[in-house]
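Structure data follow from input-v4.pdb (PDB, C-alpha atoms and all ligand atoms):
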```
ATOM      1  CA  MET A   1      92.955  71.210  90.272  1.00  0.00           C
ATOM      2  CA  ALA A   2      96.120  72.057  88.408  1.00  0.00           C
ATOM      3  CA  GLU A   3      94.778  75.580  88.219  1.00  0.00           C
ATOM      4  CA  PHE A   4      94.585  75.772  92.021  1.00  0.00           C
ATOM      5  CA  ARG A   5      98.144  74.543  92.365  1.00  0.00           C
ATOM      6  CA  ASN A   6      99.312  77.229  89.978  1.00  0.00           C
ATOM      7  CA  LEU A   7      97.478  79.928  91.862  1.00  0.00           C
ATOM      8  CA  SER A   8      98.942  78.806  95.148  1.00  0.00           C
ATOM      9  CA  LYS A   9     102.436  78.691  93.724  1.00  0.00           C
ATOM     10  CA  SER A  10     102.005  82.127  92.244  1.00  0.00           C
ATOM     11  CA  LYS A  11     100.744  83.451  95.566  1.00  0.00           C
ATOM     12  CA  ARG A  12     103.700  82.012  97.404  1.00  0.00           C
ATOM     13  CA  ALA A  13     106.098  83.468  94.882  1.00  0.00           C
ATOM     14  CA  ALA A  14     104.454  86.862  95.205  1.00  0.00           C
ATOM     15  CA  ARG A  15     104.684  86.738  99.002  1.00  0.00           C
ATOM     16  CA  ALA A  16     108.284  85.642  98.935  1.00  0.00           C
ATOM     17  CA  PHE A  17     109.145  88.487  96.641  1.00  0.00           C
ATOM     18  CA  ALA A  18     107.238  90.998  98.745  1.00  0.00           C
ATOM     19  CA  ALA A  19     109.110  89.827 101.829  1.00  0.00           C
ATOM     20  CA  LEU A  20     112.360  90.104  99.947  1.00  0.00           C
ATOM     21  CA  LEU A  21     111.716  93.690  99.003  1.00  0.00           C
ATOM     22  CA  ASN A  22     110.045  94.467 102.301  1.00  0.00           C
ATOM     23  CA  VAL A  23     107.034  95.885 100.516  1.00  0.00           C
ATOM     24  CA  GLN A  24     103.495  95.630 101.679  1.00  0.00           C
ATOM     25  CA  VAL A  25     101.090  94.160  99.230  1.00  0.00           C
ATOM     26  CA  ALA A  26      97.989  94.471 101.306  1.00  0.00           C
ATOM     27  CA  ALA A  27      95.610  93.661  98.485  1.00  0.00           C
ATOM     28  CA  ILE A  28      97.093  90.194  98.124  1.00  0.00           C
ATOM     29  CA  ALA A  29      96.368  89.347 101.730  1.00  0.00           C
ATOM     30  CA  LEU A  30      92.791  90.501 101.304  1.00  0.00           C
ATOM     31  CA  THR A  31      92.099  88.624  98.101  1.00  0.00           C
ATOM     32  CA  PRO A  32      94.455  85.643  97.973  1.00  0.00           C
ATOM     33  CA  ASP A  33      92.651  83.820  95.183  1.00  0.00           C
ATOM     34  CA  ILE A  34      93.326  86.453  92.575  1.00  0.00           C
ATOM     35  CA  ALA A  35      96.835  87.302  93.652  1.00  0.00           C
ATOM     36  CA  ARG A  36      98.223  86.185  90.337  1.00  0.00           C
ATOM     37  CA  ALA A  37      97.318  89.365  88.517  1.00  0.00           C
ATOM     38  CA  HIS A  38      98.209  91.951  91.146  1.00  0.00           C
ATOM     39  CA  ALA A  39     101.059  94.207  90.204  1.00  0.00           C
ATOM     40  CA  ILE A  40     104.195  93.714  92.262  1.00  0.00           C
ATOM     41  CA  VAL A  41     107.617  95.247  91.793  1.00  0.00           C
ATOM     42  CA  VAL A  42     110.136  93.017  90.031  1.00  0.00           C
ATOM     43  CA  ALA A  43     112.904  95.607  89.629  1.00  0.00           C
ATOM     44  CA  ALA A  44     113.492  98.972  91.256  1.00  0.00           C
ATOM     45  CA  GLN A  45     115.704 101.950  90.628  1.00  0.00           C
ATOM     46  CA  PRO A  46     116.903 103.115  93.060  1.00  0.00           C
ATOM     47  CA  ALA A  47     117.398  99.572  94.314  1.00  0.00           C
ATOM     48  CA  MET A  48     116.072  98.582  97.719  1.00  0.00           C
ATOM     49  CA  ASN A  49     118.537  99.563 100.465  1.00  0.00           C
ATOM     50  CA  SER A  50     120.941 101.130  98.005  1.00  0.00           C
ATOM     51  CA  THR A  51     122.903 104.307  98.695  1.00  0.00           C
ATOM     52  CA  ILE A  52     122.874 107.060  96.119  1.00  0.00           C
ATOM     53  CA  LEU A  53     124.328 110.532  95.660  1.00  0.00           C
ATOM     54  CA  PRO A  54     122.236 113.641  96.187  1.00  0.00           C
ATOM     55  CA  GLY A  55     120.952 115.321  93.050  1.00  0.00           C
ATOM     56  CA  GLU A  56     118.571 114.340  90.315  1.00  0.00           C
ATOM     57  CA  LEU A  57     117.148 110.896  90.834  1.00  0.00           C
ATOM     58  CA  GLU A  58     115.887 108.783  87.962  1.00  0.00           C
ATOM     59  CA  ILE A  59     113.171 106.502  89.236  1.00  0.00           C
ATOM     60  CA  ARG A  60     112.010 103.368  87.527  1.00  0.00           C
ATOM     61  CA  LEU A  61     109.821 100.578  88.876  1.00  0.00           C
ATOM     62  CA  ASP A  62     109.192  97.485  86.784  1.00  0.00           C
ATOM     63  CA  PHE A  63     106.059  95.530  87.618  1.00  0.00           C
ATOM     64  CA  ASN A  64     105.086  91.973  86.850  1.00  0.00           C
ATOM     65  CA  SER A  65     101.999  93.079  84.944  1.00  0.00           C
ATOM     66  CA  ARG A  66     100.600  95.939  82.961  1.00  0.00           C
ATOM     67  CA  ILE A  67      99.511  98.933  85.008  1.00  0.00           C
ATOM     68  CA  ASP A  68      97.287 101.938  84.488  1.00  0.00           C
ATOM     69  CA  GLN A  69      99.872 104.715  84.596  1.00  0.00           C
ATOM     70  CA  LYS A  70      97.270 107.453  84.917  1.00  0.00           C
ATOM     71  CA  ARG A  71      95.982 105.939  88.131  1.00  0.00           C
ATOM     72  CA  SER A  72      99.339 105.079  89.586  1.00  0.00           C
ATOM     73  CA  ARG A  73     101.445 107.290  91.821  1.00  0.00           C
ATOM     74  CA  LEU A  74     104.937 107.761  93.112  1.00  0.00           C
ATOM     75  CA  SER A  75     105.965 109.854  96.075  1.00  0.00           C
ATOM     76  CA  LEU A  76     109.170 110.379  97.961  1.00  0.00           C
ATOM     77  CA  GLN A  77     109.568 110.787 101.693  1.00  0.00           C
ATOM     78  CA  ARG A  78     112.594 112.659 102.962  1.00  0.00           C
ATOM     79  CA  PRO A  79     114.527 111.604 106.077  1.00  0.00           C
ATOM     80  CA  ASP A  80     112.717 114.346 108.038  1.00  0.00           C
ATOM     81  CA  GLY A  81     109.328 113.009 106.937  1.00  0.00           C
ATOM     82  CA  GLY A  82     108.642 115.732 104.384  1.00  0.00           C
ATOM     83  CA  LYS A  83     107.452 114.910 100.909  1.00  0.00           C
ATOM     84  CA  VAL A  84     109.173 115.546  97.633  1.00  0.00           C
ATOM     85  CA  ALA A  85     107.200 115.641  94.414  1.00  0.00           C
ATOM     86  CA  VAL A  86     107.943 113.097  91.712  1.00  0.00           C
ATOM     87  CA  ALA A  87     107.360 114.116  88.125  1.00  0.00           C
ATOM     88  CA  LEU A  88     106.007 111.028  86.386  1.00  0.00           C
ATOM     89  CA  ALA A  89     107.330 110.293  82.928  1.00  0.00           C
ATOM     90  CA  PRO A  90     104.440 109.860  80.492  1.00  0.00           C
ATOM     91  CA  GLY A  91     104.246 106.870  78.189  1.00  0.00           C
ATOM     92  CA  GLY A  92     106.857 104.165  78.392  1.00  0.00           C
ATOM     93  CA  ALA A  93     106.441 100.434  78.710  1.00  0.00           C
ATOM     94  CA  ALA A  94     103.122  99.056  79.941  1.00  0.00           C
ATOM     95  CA  GLY A  95     104.508  97.583  83.142  1.00  0.00           C
ATOM     96  CA  VAL A  96     106.775 100.462  84.089  1.00  0.00           C
ATOM     97  CA  LEU A  97     106.293 103.490  86.305  1.00  0.00           C
ATOM     98  CA  ALA A  98     109.053 106.050  85.897  1.00  0.00           C
ATOM     99  CA  GLY A  99     109.788 109.570  87.015  1.00  0.00           C
ATOM    100  CA  ARG A 100     112.392 111.903  88.337  1.00  0.00           C
ATOM    101  CA  ALA A 101     112.932 114.006  91.417  1.00  0.00           C
ATOM    102  CA  GLN A 102     115.540 116.016  93.255  1.00  0.00           C
ATOM    103  CA  VAL A 103     116.889 114.334  96.346  1.00  0.00           C
ATOM    104  CA  ALA A 104     118.940 116.600  98.575  1.00  0.00           C
ATOM    105  CA  GLY A 105     118.814 115.603 102.230  1.00  0.00           C
ATOM    106  CA  GLU A 106     121.194 112.950 103.474  1.00  0.00           C
ATOM    107  CA  GLY A 107     119.719 109.983 105.288  1.00  0.00           C
ATOM    108  CA  ARG A 108     117.068 107.357 104.788  1.00  0.00           C
ATOM    109  CA  TRP A 109     114.512 107.999 102.063  1.00  0.00           C
ATOM    110  CA  LYS A 110     111.423 106.108 101.017  1.00  0.00           C
ATOM    111  CA  LEU A 111     109.992 105.798  97.562  1.00  0.00           C
ATOM    112  CA  ARG A 112     106.305 105.007  97.899  1.00  0.00           C
ATOM    113  CA  TRP A 113     104.363 103.541  95.030  1.00  0.00           C
ATOM    114  CA  GLN A 114     100.733 102.822  94.421  1.00  0.00           C
ATOM    115  CA  VAL A 115      99.622 101.257  91.191  1.00  0.00           C
ATOM    116  CA  LEU A 116      96.440 100.107  89.576  1.00  0.00           C
ATOM    117  CA  SER A 117      96.963  96.956  87.590  1.00  0.00           C
ATOM    118  CA  LEU A 118      94.770  96.307  84.603  1.00  0.00           C
ATOM    119  CA  ASP A 119      92.765  93.703  86.558  1.00  0.00           C
ATOM    120  CA  GLY A 120      91.423  96.589  88.644  1.00  0.00           C
ATOM    121  CA  HIS A 121      93.360  95.959  91.840  1.00  0.00           C
ATOM    122  CA  ILE A 122      95.489  98.497  93.639  1.00  0.00           C
ATOM    123  CA  THR A 123      98.748  97.509  95.256  1.00  0.00           C
ATOM    124  CA  ARG A 124     101.214  99.681  97.097  1.00  0.00           C
ATOM    125  CA  GLY A 125     104.577  99.426  98.692  1.00  0.00           C
ATOM    126  CA  GLU A 126     107.809 101.233  99.285  1.00  0.00           C
ATOM    127  CA  VAL A 127     111.472 101.103  98.456  1.00  0.00           C
ATOM    128  CA  SER A 128     113.907 102.374 101.091  1.00  0.00           C
ATOM    129  CA  PHE A 129     117.228 103.845 100.078  1.00  0.00           C
ATOM    130  CA  SER A 130     119.843 106.184 101.481  1.00  0.00           C
ATOM    131  CA  VAL A 131     121.243 109.436 100.166  1.00  0.00           C
ATOM    132  CA  ARG A 132     124.790 110.220 101.129  1.00  0.00           C
ATOM    133  CA  ASP A 133     127.158 112.828  99.801  1.00  0.00           C
ATOM    134  CA  GLY A 134     130.331 111.343  98.388  1.00  0.00           C
ATOM    135  CA  ALA A 135     128.950 107.814  98.378  1.00  0.00           C
ATOM    136  CA  ARG A 136     129.307 105.663  95.346  1.00  0.00           C
ATOM    137  CA  ALA A 137     125.886 105.115  93.807  1.00  0.00           C
ATOM    138  CA  ARG A 138     124.600 101.512  94.254  1.00  0.00           C
TER     139      ARG A 138
HETATM  140 CU    CU B   1      94.615  91.711  91.099  1.00  0.00          CU
END
```
Could you render the structure as structure tokens?
Amino acid sequence: MAEFRNLSKSKRAARAFAALLNVQVAAIALTPDIARAHAIVVAAQPAMNSTILPGELEIRLDFNSRIDQKRSRLSLQRPDGGKVAVALAPGGAAGVLAGRAQVAGEGRWKLRWQVLSLDGHITRGEVSFSVRDGARAR
């Protein structure tokens, strides 16, 4: 029974965090009993709702579990809806997805992520941020 309590607590924590970051973790809703091992974002660069300068963007997402980097993706959506390629950085820590991209257009951007955690489940979500010329980063 203690095991069930732990699972439920973990699920609630995961949901609270997802709500906090405004990310969608659809897989958790579909399979609540194994939510514990799904990968969710615990730290993001750029930070959610931050404002950054145009130019080269270093991206780093830290997850709560190990992920399969080869089956995980990052993409960027420009304010006009267009996509910008993200070059993923190979290697690195087991729970980290990193890359870099050029961000040029001012406005609201979205960093979309999709990762495969080592338990075989895919989760996805997004981090919104703004690009503004002359703004102080973060
Ligand atoms: Cu899972």
Margin query: Using only C-alpha atoms for the distances, tell me which of A:Ser117, A:Gly55, A:Arg60, A:Gly91 is nearest to A:Gly105.
Written below: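 Nearest candidate to A:Gly105 out of A:Ser117, A:Gly55, A:Arg60, A:Gly91: A:Gly55.
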Margin query: I need the residue nearest A:Glu58 from this list: A:Gly82, A:Gly120, A:Pro46, A:Gly134. Use all atoms listed in the file for the distance.
Written below: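 Using all atoms listed in the file, the shortest distance to A:Glu58 belongs to A:Pro46.
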Next item on the list: Please evaluate the PyMOL selection byres (((chain A and resi 96) around 9) and not hetatm) against the structure above and give the resulting residues as a list in words.
Entry: Arg60, Leu61, Asp62, Phe63, Ser65, Arg66, Ile67, Gln69, Gly92, Ala93, Ala94, Gly95, Leu97 and Ala98 of chain A
Check: A:Ile122: which residues within 8 Å, counting all atoms listed in the file, same-chain residues fewer than 3 positions away excluded, as an NGL selection string?
Finding: :A and (27 or 38-39 or 114-117)
Check: How many Å separate atom CA of A:Leu74 from atom CA of A:Thr123?
Finding: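 Pair atom CA of A:Leu74 / atom CA of A:Thr123 returns 12.2 Å.
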Next item on the list: Excluding A:Phe129 and residues on its chain fewer than 4 positions from it, collect all residues at most 12 Å away from it, counting all atoms listed in the file, and give them as a list in words.
Entry: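 Counting all atoms listed in the file, the residues come to Leu21, Ala44, Gln45, Pro46, Ala47, Met48, Asn49, Ser50, Thr51, Ile52, Leu53, Pro54, Leu57, Ile59, Leu76, Gln77, Arg78, Pro79, Val103, Glu106, Gly107, Arg108, Trp109, Lys110, Leu111, Arg112, Ala137 and Arg138 of chain A.
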Check: Do you have the atom CA of A:Lys83-atom CA of A:Ala101 distance handy?
Finding: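 About the pair atom CA of A:Lys83 and atom CA of A:Ala101: they are 11.0 Å apart.
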Note to self: To one decimal place in Å, what is the distance between atom CA of A:Asn64 and atom CA of A:Val84?
What the structure shows: 26.2 Å
Margin query: Under the rule that all atoms listed in the file are counted, which of A:Asp80, A:Gly99, A:Ser75, A:Asp68 is the nearest residue to A:Glu126?
Written below: A:Ser75
